[in-house]
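Colleague: Sharing query.cif here; it has mmCIF, C-alpha atoms.
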```cif
data_model
loop_
_atom_site.group_PDB
_atom_site.id
_atom_site.type_symbol
_atom_site.label_atom_id
_atom_site.label_comp_id
_atom_site.auth_asym_id
_atom_site.auth_seq_id
_atom_site.Cartn_x
_atom_site.Cartn_y
_atom_site.Cartn_z
ATOM 1 C CA MET A 1 -52.288 152.724 15.695
ATOM 2 C CA GLN A 2 -54.807 152.865 12.821
ATOM 3 C CA ALA A 3 -53.806 153.656 9.245
ATOM 4 C CA SER A 4 -55.336 156.792 7.828
ATOM 5 C CA PRO A 5 -57.266 156.672 4.525
ATOM 6 C CA LYS A 6 -54.473 158.754 2.920
ATOM 7 C CA ASN A 7 -51.819 156.155 3.872
ATOM 8 C CA ILE A 8 -53.994 153.285 2.539
ATOM 9 C CA ILE A 9 -54.499 155.082 -0.818
ATOM 10 C CA ALA A 10 -50.775 155.898 -1.057
ATOM 11 C CA ALA A 11 -49.879 152.225 -0.371
ATOM 12 C CA LEU A 12 -52.322 151.006 -3.033
ATOM 13 C CA LEU A 13 -51.018 153.452 -5.646
ATOM 14 C CA THR A 14 -47.415 152.491 -4.856
ATOM 15 C CA GLY A 15 -48.269 148.783 -5.215
ATOM 16 C CA CYS A 16 -50.014 149.400 -8.541
ATOM 17 C CA PHE A 17 -46.987 151.342 -9.780
ATOM 18 C CA PHE A 18 -44.624 148.450 -8.941
ATOM 19 C CA LEU A 19 -46.961 145.917 -10.564
ATOM 20 C CA CYS A 20 -47.134 147.997 -13.762
ATOM 21 C CA SER A 21 -43.403 148.639 -13.907
ATOM 22 C CA CYS A 22 -42.607 144.935 -13.537
ATOM 23 C CA GLU A 23 -44.481 144.087 -16.732
ATOM 24 C CA ASN A 24 -42.003 143.302 -19.556
ATOM 25 C CA ASP A 25 -42.417 144.609 -23.084
ATOM 26 C CA GLU A 26 -42.203 141.580 -25.390
ATOM 27 C CA ARG A 27 -40.139 143.500 -27.988
ATOM 28 C CA VAL A 28 -37.570 144.508 -25.351
ATOM 29 C CA VAL A 29 -37.267 140.914 -24.079
ATOM 30 C CA ASN A 30 -36.856 139.573 -27.634
ATOM 31 C CA ALA A 31 -34.184 142.184 -28.423
ATOM 32 C CA ILE A 32 -32.243 141.219 -25.266
ATOM 33 C CA ASN A 33 -32.512 137.487 -25.948
ATOM 34 C CA LYS A 34 -31.749 137.789 -29.693
ATOM 35 C CA PRO A 35 -28.331 136.297 -30.414
ATOM 36 C CA LYS A 36 -25.725 138.881 -31.386
ATOM 37 C CA LEU A 37 -24.347 138.645 -34.904
ATOM 38 C CA ASN A 38 -20.839 137.225 -35.059
ATOM 39 C CA THR A 39 -18.735 140.094 -36.396
ATOM 40 C CA GLU A 40 -15.014 140.010 -37.114
ATOM 41 C CA GLN A 41 -13.121 143.279 -37.389
ATOM 42 C CA ALA A 42 -9.969 144.219 -39.283
ATOM 43 C CA LYS A 43 -8.244 147.596 -39.314
ATOM 44 C CA ASP A 44 -6.112 149.261 -41.997
ATOM 45 C CA ILE A 45 -6.783 146.568 -44.589
ATOM 46 C CA VAL A 46 -5.310 146.252 -48.084
ATOM 47 C CA LEU A 47 -7.042 143.886 -50.561
ATOM 48 C CA ASN A 48 -5.492 142.992 -53.931
ATOM 49 C CA TYR A 49 -7.782 141.875 -56.787
ATOM 50 C CA THR A 50 -5.854 139.944 -59.408
ATOM 51 C CA MET A 51 -6.735 138.334 -62.726
ATOM 52 C CA GLY A 52 -4.323 135.992 -64.470
ATOM 53 C CA GLY A 53 -1.615 136.898 -61.944
ATOM 54 C CA ARG A 54 -1.900 140.628 -62.693
ATOM 55 C CA ILE A 55 -3.177 143.215 -60.255
ATOM 56 C CA LYS A 56 -6.455 144.713 -61.450
ATOM 57 C CA ALA A 57 -7.355 146.687 -58.311
ATOM 58 C CA ILE A 58 -6.098 147.483 -54.817
ATOM 59 C CA LEU A 59 -8.693 148.355 -52.179
ATOM 60 C CA THR A 60 -7.757 149.960 -48.855
ATOM 61 C CA SER A 61 -9.933 150.895 -45.881
ATOM 62 C CA PRO A 62 -9.355 151.897 -42.240
ATOM 63 C CA LEU A 63 -12.005 149.398 -41.047
ATOM 64 C CA MET A 64 -13.541 146.226 -42.457
ATOM 65 C CA LEU A 65 -16.266 144.194 -40.733
ATOM 66 C CA HIS A 66 -17.055 140.585 -41.637
ATOM 67 C CA VAL A 67 -20.615 139.933 -40.462
ATOM 68 C CA GLN A 68 -21.777 136.300 -40.128
ATOM 69 C CA ASP A 69 -25.499 136.576 -40.875
ATOM 70 C CA THR A 70 -27.823 134.298 -42.881
ATOM 71 C CA ALA A 71 -25.965 135.758 -45.867
ATOM 72 C CA ALA A 72 -22.483 136.739 -44.643
ATOM 73 C CA TYR A 73 -21.063 140.026 -45.894
ATOM 74 C CA TYR A 74 -18.128 142.418 -45.597
ATOM 75 C CA GLU A 75 -18.760 146.033 -44.694
ATOM 76 C CA PHE A 76 -16.551 149.121 -44.995
ATOM 77 C CA PRO A 77 -18.286 151.645 -42.705
ATOM 78 C CA LYS A 78 -15.451 154.199 -42.496
ATOM 79 C CA THR A 79 -14.595 154.968 -46.138
ATOM 80 C CA LEU A 80 -12.763 152.970 -48.770
ATOM 81 C CA TYR A 81 -10.299 153.783 -51.525
ATOM 82 C CA ALA A 82 -9.561 151.727 -54.651
ATOM 83 C CA GLU A 83 -6.968 152.011 -57.415
ATOM 84 C CA PHE A 84 -7.449 150.297 -60.798
ATOM 85 C CA TYR A 85 -4.654 149.105 -63.080
ATOM 86 C CA ASN A 86 -4.543 148.317 -66.800
ATOM 87 C CA GLU A 87 -2.803 145.391 -68.523
ATOM 88 C CA GLN A 88 0.529 147.232 -68.411
ATOM 89 C CA GLN A 89 0.092 147.611 -64.615
ATOM 90 C CA ILE A 90 -0.309 151.382 -64.944
ATOM 91 C CA LYS A 91 -2.740 152.986 -62.511
ATOM 92 C CA GLU A 92 -5.524 154.409 -64.689
ATOM 93 C CA SER A 93 -8.321 155.309 -62.266
ATOM 94 C CA GLN A 94 -9.141 155.631 -58.579
ATOM 95 C CA LEU A 95 -12.325 155.513 -56.522
ATOM 96 C CA THR A 96 -13.373 156.813 -53.110
ATOM 97 C CA ALA A 97 -16.601 156.259 -51.143
ATOM 98 C CA LEU A 98 -17.703 156.753 -47.556
ATOM 99 C CA TYR A 99 -19.337 153.289 -47.351
ATOM 100 C CA GLY A 100 -19.060 149.924 -49.076
ATOM 101 C CA LYS A 101 -20.623 146.454 -48.730
ATOM 102 C CA TYR A 102 -19.645 143.132 -50.317
ATOM 103 C CA LYS A 103 -21.572 139.844 -49.989
ATOM 104 C CA ASP A 104 -19.618 136.604 -49.578
ATOM 105 C CA GLY A 105 -19.324 134.552 -52.750
ATOM 106 C CA GLN A 106 -20.284 137.423 -55.050
ATOM 107 C CA SER A 107 -18.160 139.789 -57.085
ATOM 108 C CA ILE A 108 -20.430 142.789 -56.545
ATOM 109 C CA ILE A 109 -19.579 145.671 -54.222
ATOM 110 C CA TYR A 110 -22.197 148.268 -53.306
ATOM 111 C CA LEU A 111 -20.832 151.792 -52.772
ATOM 112 C CA ARG A 112 -22.642 154.819 -51.428
ATOM 113 C CA ASP A 113 -22.207 158.302 -49.993
ATOM 114 C CA SER A 114 -19.909 160.728 -51.831
ATOM 115 C CA VAL A 115 -18.731 158.210 -54.437
ATOM 116 C CA ARG A 116 -16.062 159.652 -56.731
ATOM 117 C CA ILE A 117 -14.135 158.039 -59.597
ATOM 118 C CA ILE A 118 -11.238 159.783 -61.344
ATOM 119 C CA ASN A 119 -9.778 158.649 -64.666
ATOM 120 C CA LEU A 120 -6.117 159.549 -64.171
ATOM 121 C CA LEU A 121 -5.210 159.262 -67.869
ATOM 122 C CA LYS A 122 -8.237 161.024 -69.361
ATOM 123 C CA GLY A 123 -8.882 163.542 -66.574
ATOM 124 C CA ASP A 124 -12.657 163.010 -66.153
ATOM 125 C CA THR A 125 -14.305 162.682 -62.715
ATOM 126 C CA ILE A 126 -17.649 161.114 -61.845
ATOM 127 C CA TYR A 127 -19.671 162.023 -58.748
ATOM 128 C CA CYS A 128 -22.660 160.056 -57.437
ATOM 129 C CA ASP A 129 -24.239 158.882 -54.182
ATOM 130 C CA ASP A 130 -24.931 155.274 -55.144
ATOM 131 C CA LEU A 131 -22.857 152.920 -57.304
ATOM 132 C CA TRP A 132 -22.464 149.180 -57.956
ATOM 133 C CA TRP A 133 -19.121 147.619 -58.880
ATOM 134 C CA ASP A 134 -19.517 144.215 -60.552
ATOM 135 C CA ARG A 135 -16.128 142.658 -61.291
ATOM 136 C CA ASN A 136 -17.722 139.945 -63.482
ATOM 137 C CA LYS A 137 -18.889 142.438 -66.095
ATOM 138 C CA ILE A 138 -16.721 143.567 -68.982
ATOM 139 C CA ASN A 139 -16.633 147.291 -69.904
ATOM 140 C CA THR A 140 -19.637 148.045 -67.649
ATOM 141 C CA GLU A 141 -18.196 147.147 -64.242
ATOM 142 C CA PHE A 142 -19.671 150.310 -62.680
ATOM 143 C CA TYR A 143 -23.384 151.080 -62.868
ATOM 144 C CA THR A 144 -26.118 153.042 -61.108
ATOM 145 C CA GLU A 145 -29.727 154.037 -61.648
ATOM 146 C CA LYS A 146 -29.319 157.167 -59.502
ATOM 147 C CA PRO A 147 -28.261 160.726 -60.499
ATOM 148 C CA VAL A 148 -24.671 161.194 -61.693
ATOM 149 C CA ARG A 149 -22.486 164.172 -62.558
ATOM 150 C CA ILE A 150 -19.348 163.953 -64.681
ATOM 151 C CA ARG A 151 -16.781 166.735 -64.787
ATOM 152 C CA GLN A 152 -14.729 166.467 -67.946
ATOM 153 C CA LYS A 153 -11.113 167.518 -68.213
ATOM 154 C CA ASP A 154 -12.084 170.714 -70.069
ATOM 155 C CA GLY A 155 -14.333 171.772 -67.161
ATOM 156 C CA GLN A 156 -17.640 170.873 -68.855
ATOM 157 C CA TYR A 157 -20.243 168.962 -66.829
ATOM 158 C CA LEU A 158 -22.530 166.122 -67.883
ATOM 159 C CA ASN A 159 -25.569 165.405 -65.687
ATOM 160 C CA GLY A 160 -28.027 162.556 -65.809
ATOM 161 C CA THR A 161 -29.730 159.637 -64.152
ATOM 162 C CA GLY A 162 -28.446 156.104 -64.602
ATOM 163 C CA MET A 163 -24.995 155.241 -65.893
ATOM 164 C CA GLU A 164 -22.753 152.396 -66.985
ATOM 165 C CA ALA A 165 -18.975 152.759 -67.073
ATOM 166 C CA SER A 166 -15.882 150.672 -67.575
ATOM 167 C CA GLN A 167 -13.650 150.020 -64.586
ATOM 168 C CA SER A 168 -10.977 152.234 -66.142
ATOM 169 C CA PHE A 169 -13.658 154.914 -66.618
ATOM 170 C CA LYS A 170 -12.391 155.420 -70.183
ATOM 171 C CA ASN A 171 -15.866 154.644 -71.499
ATOM 172 C CA TYR A 172 -19.169 155.606 -69.914
ATOM 173 C CA HIS A 173 -22.795 155.933 -70.926
ATOM 174 C CA ILE A 174 -25.315 158.162 -69.123
ATOM 175 C CA LYS A 175 -28.805 156.763 -69.678
ATOM 176 C CA ASN A 176 -30.930 159.876 -69.147
ATOM 177 C CA MET A 177 -28.960 163.012 -69.901
ATOM 178 C CA LYS A 178 -30.061 166.294 -68.327
ATOM 179 C CA PRO A 179 -28.989 169.781 -69.314
ATOM 180 C CA ALA A 180 -26.064 171.260 -67.393
ATOM 181 C CA ASP A 181 -26.428 174.972 -66.705
ATOM 182 C CA ASN A 182 -29.520 175.118 -68.981
ATOM 183 C CA LYS A 183 -27.441 174.394 -72.090
ATOM 184 C CA PRO A 184 -29.010 172.256 -74.839
ATOM 185 C CA ILE A 185 -28.101 168.558 -75.035
ATOM 186 C CA GLY A 186 -26.700 166.920 -78.124
ATOM 187 C CA VAL A 187 -25.554 170.009 -80.056
ATOM 188 C CA ILE A 188 -22.621 169.215 -82.352
ATOM 189 C CA ASN A 189 -20.791 171.918 -84.294
ATOM 190 C CA THR A 190 -20.166 170.812 -87.891
ATOM 191 C CA LYS A 191 -19.520 172.415 -91.280
ATOM 192 C CA ALA A 192 -22.440 172.590 -93.717
ATOM 193 C CA GLY A 193 -20.555 170.388 -96.194
ATOM 194 C CA ASP A 194 -20.237 167.559 -93.656
ATOM 195 C CA PHE A 195 -23.918 166.550 -93.956
ATOM 196 C CA PRO A 196 -24.842 163.849 -96.505
ATOM 197 C CA GLN A 197 -26.783 165.075 -99.571
#
```
Render the structure in this file as structure tokens.

Modeller:
Amino acid sequence: MQASPKNIIAALLTGCFFLCSCENDERVVNAINKPKLNTEQAKDIVLNYTMGGRIKAILTSPLMLHVQDTAAYYEFPKTLYAEFYNEQQIKESQLTALYGKYKDGQSIIYLRDSVRIINLLKGDTIYCDDLWWDRNKINTEFYTEKPVRIRQKDGQYLNGTGMEASQSFKNYHIKNMKPADNKPIGVINTKAGDFPQ
């Protein structure tokens, strides 16, 4: 029985297909052979930050990952919540964020996505999408170069880009103020007699 030209062409095309499909993409091979990062996982964690035997902050999160990379780090991919205490051990502010990251051996935590800080004693609230928390700093533990919005206790809003704030959030400084609701910035009501002559 002789093979027809159609069968010979079909066999050749099939062979070419198998030869092409057996070729490995170098990126795919490297991704498969790349060693997996060593990651430890902890659920429902509570971390206490103390200074001189006194609690300064308590951080809680439903999930913490410890990733062993060239520079090991901790990651909080499913939200985190922190409470901050003053010298009298009174809770004075609290913070929430959807994501956090902390590098081993450093005292800096990066926070992002729906970051909110509330001063419980003063009543002000800060909202931003990106914030750094450096526990080594004094009176400027929180800072960002991104847009911020502060709602004051009286309902007024302050908007701007870039901010530094104390951990208690009693004191804060917005670097580039922007008008809220098209109102002028820096207007202070005073009596005429209050100005120096």

Colleague: For the PyMOL selection byres ((chain A and resi 37-48) around 12), applied here, can you spell out every residue it catches as number ranges by chain?

Modeller: A: 34-36, 49-51, 53-85

Colleague: Pull out every residue that the PyMOL selection byres ((chain A and resi 148) around 10) matches in the shown coordinates and put them as a list in words.

Modeller: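 Evaluating the PyMOL selection byres ((chain A and resi 148) around 10) on these coordinates yields Val115, Ile126, Tyr127, Cys128, Asp129, Asp130, Leu131, Thr144, Glu145, Lys146, Pro147, Arg149, Ile150, Leu158, Asn159, Gly160, Thr161, Gly162, Met163, Ile174, Asn176, Met177 and Lys178 of chain A.
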
Colleague: Export C-alpha atoms of the chosen residues as a short mmCIF file (atom, residue, chain, number, x, y, z; two decimals), keeping the file's coordinate frame?

Modeller:
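Saved file out35.cif follows:
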```cif
data_model
loop_
_atom_site.label_atom_id
_atom_site.label_comp_id
_atom_site.auth_asym_id
_atom_site.auth_seq_id
_atom_site.Cartn_x
_atom_site.Cartn_y
_atom_site.Cartn_z
CA VAL A 115 -18.73 158.21 -54.44
CA ILE A 126 -17.65 161.11 -61.84
CA TYR A 127 -19.67 162.02 -58.75
CA CYS A 128 -22.66 160.06 -57.44
CA ASP A 129 -24.24 158.88 -54.18
CA ASP A 130 -24.93 155.27 -55.14
CA LEU A 131 -22.86 152.92 -57.30
CA THR A 144 -26.12 153.04 -61.11
CA GLU A 145 -29.73 154.04 -61.65
CA LYS A 146 -29.32 157.17 -59.50
CA PRO A 147 -28.26 160.73 -60.50
CA ARG A 149 -22.49 164.17 -62.56
CA ILE A 150 -19.35 163.95 -64.68
CA LEU A 158 -22.53 166.12 -67.88
CA ASN A 159 -25.57 165.40 -65.69
CA GLY A 160 -28.03 162.56 -65.81
CA THR A 161 -29.73 159.64 -64.15
CA GLY A 162 -28.45 156.10 -64.60
CA MET A 163 -25.00 155.24 -65.89
CA ILE A 174 -25.32 158.16 -69.12
CA ASN A 176 -30.93 159.88 -69.15
CA MET A 177 -28.96 163.01 -69.90
CA LYS A 178 -30.06 166.29 -68.33
#
```

Colleague: Contacts of Lys170 of chain A at 12 Å or less, counting all atoms listed in the file, minus same-chain residues fewer than 6 places along, as a count of residues only?

Modeller: 20

Colleague: Just the number, please: distance in Å from atom CA of Glu87 of chain A to atom CA of Gln167 of chain A, one decimal.

Modeller: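 Interatomic distance, atom CA of Glu87 of chain A to atom CA of Gln167 of chain A: 12.4 Å.
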
Colleague: Can you work out the spacing between atom CA of Trp133 of chain A and atom CA of Tyr157 of chain A in Å, to one decimal?

Modeller: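 Separation between atom CA of Trp133 of chain A and atom CA of Tyr157 of chain A: 22.8 Å.
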
Colleague: So what do you get for atom CA of Lys175 of chain A versus atom CA of Arg151 of chain A, distance-wise?

Modeller: 16.4 Å

Colleague: Using all atoms listed in the file, which residue out of A:Tyr143, A:Lys137, A:Asp113, A:Ser168 lies closest to Ile90 of chain A?

Modeller: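 Nearest candidate to Ile90 of chain A out of A:Tyr143, A:Lys137, A:Asp113, A:Ser168: A:Ser168.
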
Colleague: Provide segment 141-160 of chain A rebuilt to N, CA and C atoms, formatted as a short mmCIF file (atom, residue, chain, number, x, y, z; two decimals), keeping the file's coordinate frame.

Modeller:
```cif
data_model
loop_
_atom_site.label_atom_id
_atom_site.label_comp_id
_atom_site.auth_asym_id
_atom_site.auth_seq_id
_atom_site.Cartn_x
_atom_site.Cartn_y
_atom_site.Cartn_z
N GLU A 141 -18.37 147.59 -65.63
CA GLU A 141 -18.20 147.15 -64.24
C GLU A 141 -18.90 148.06 -63.24
N PHE A 142 -18.99 149.36 -63.55
CA PHE A 142 -19.67 150.31 -62.68
C PHE A 142 -21.04 150.64 -63.26
N TYR A 143 -22.06 150.67 -62.40
CA TYR A 143 -23.38 151.08 -62.87
C TYR A 143 -24.22 151.62 -61.72
N THR A 144 -25.18 152.47 -62.07
CA THR A 144 -26.12 153.04 -61.11
C THR A 144 -27.38 153.44 -61.84
N GLU A 145 -28.47 153.51 -61.11
CA GLU A 145 -29.73 154.04 -61.65
C GLU A 145 -30.03 155.40 -61.03
N LYS A 146 -29.12 155.90 -60.21
CA LYS A 146 -29.32 157.17 -59.50
C LYS A 146 -28.65 158.32 -60.26
N PRO A 147 -28.88 159.57 -59.83
CA PRO A 147 -28.26 160.73 -60.50
C PRO A 147 -26.73 160.67 -60.47
N VAL A 148 -26.13 161.13 -61.58
CA VAL A 148 -24.67 161.19 -61.69
C VAL A 148 -24.28 162.56 -62.26
N ARG A 149 -23.04 162.93 -61.99
CA ARG A 149 -22.49 164.17 -62.56
C ARG A 149 -21.05 163.87 -62.96
N ILE A 150 -20.70 164.20 -64.17
CA ILE A 150 -19.35 163.95 -64.68
C ILE A 150 -18.71 165.29 -65.04
N ARG A 151 -17.56 165.54 -64.44
CA ARG A 151 -16.78 166.74 -64.79
C ARG A 151 -15.68 166.29 -65.74
N GLN A 152 -15.73 166.82 -66.95
CA GLN A 152 -14.73 166.47 -67.95
C GLN A 152 -13.47 167.31 -67.76
N LYS A 153 -12.41 166.86 -68.38
CA LYS A 153 -11.11 167.52 -68.21
C LYS A 153 -11.17 169.00 -68.60
N ASP A 154 -11.99 169.33 -69.60
CA ASP A 154 -12.08 170.71 -70.07
C ASP A 154 -12.98 171.58 -69.18
N GLY A 155 -13.50 171.01 -68.09
CA GLY A 155 -14.33 171.77 -67.16
C GLY A 155 -15.82 171.69 -67.43
N GLN A 156 -16.22 171.06 -68.54
CA GLN A 156 -17.64 170.87 -68.86
C GLN A 156 -18.24 169.79 -67.95
N TYR A 157 -19.55 169.93 -67.68
CA TYR A 157 -20.24 168.96 -66.83
C TYR A 157 -21.30 168.23 -67.63
N LEU A 158 -21.44 166.94 -67.35
CA LEU A 158 -22.53 166.12 -67.88
C LEU A 158 -23.36 165.65 -66.69
N ASN A 159 -24.67 165.84 -66.76
CA ASN A 159 -25.57 165.40 -65.69
C ASN A 159 -26.56 164.40 -66.24
N GLY A 160 -27.02 163.50 -65.37
CA GLY A 160 -28.03 162.56 -65.81
C GLY A 160 -28.42 161.61 -64.70
#
```
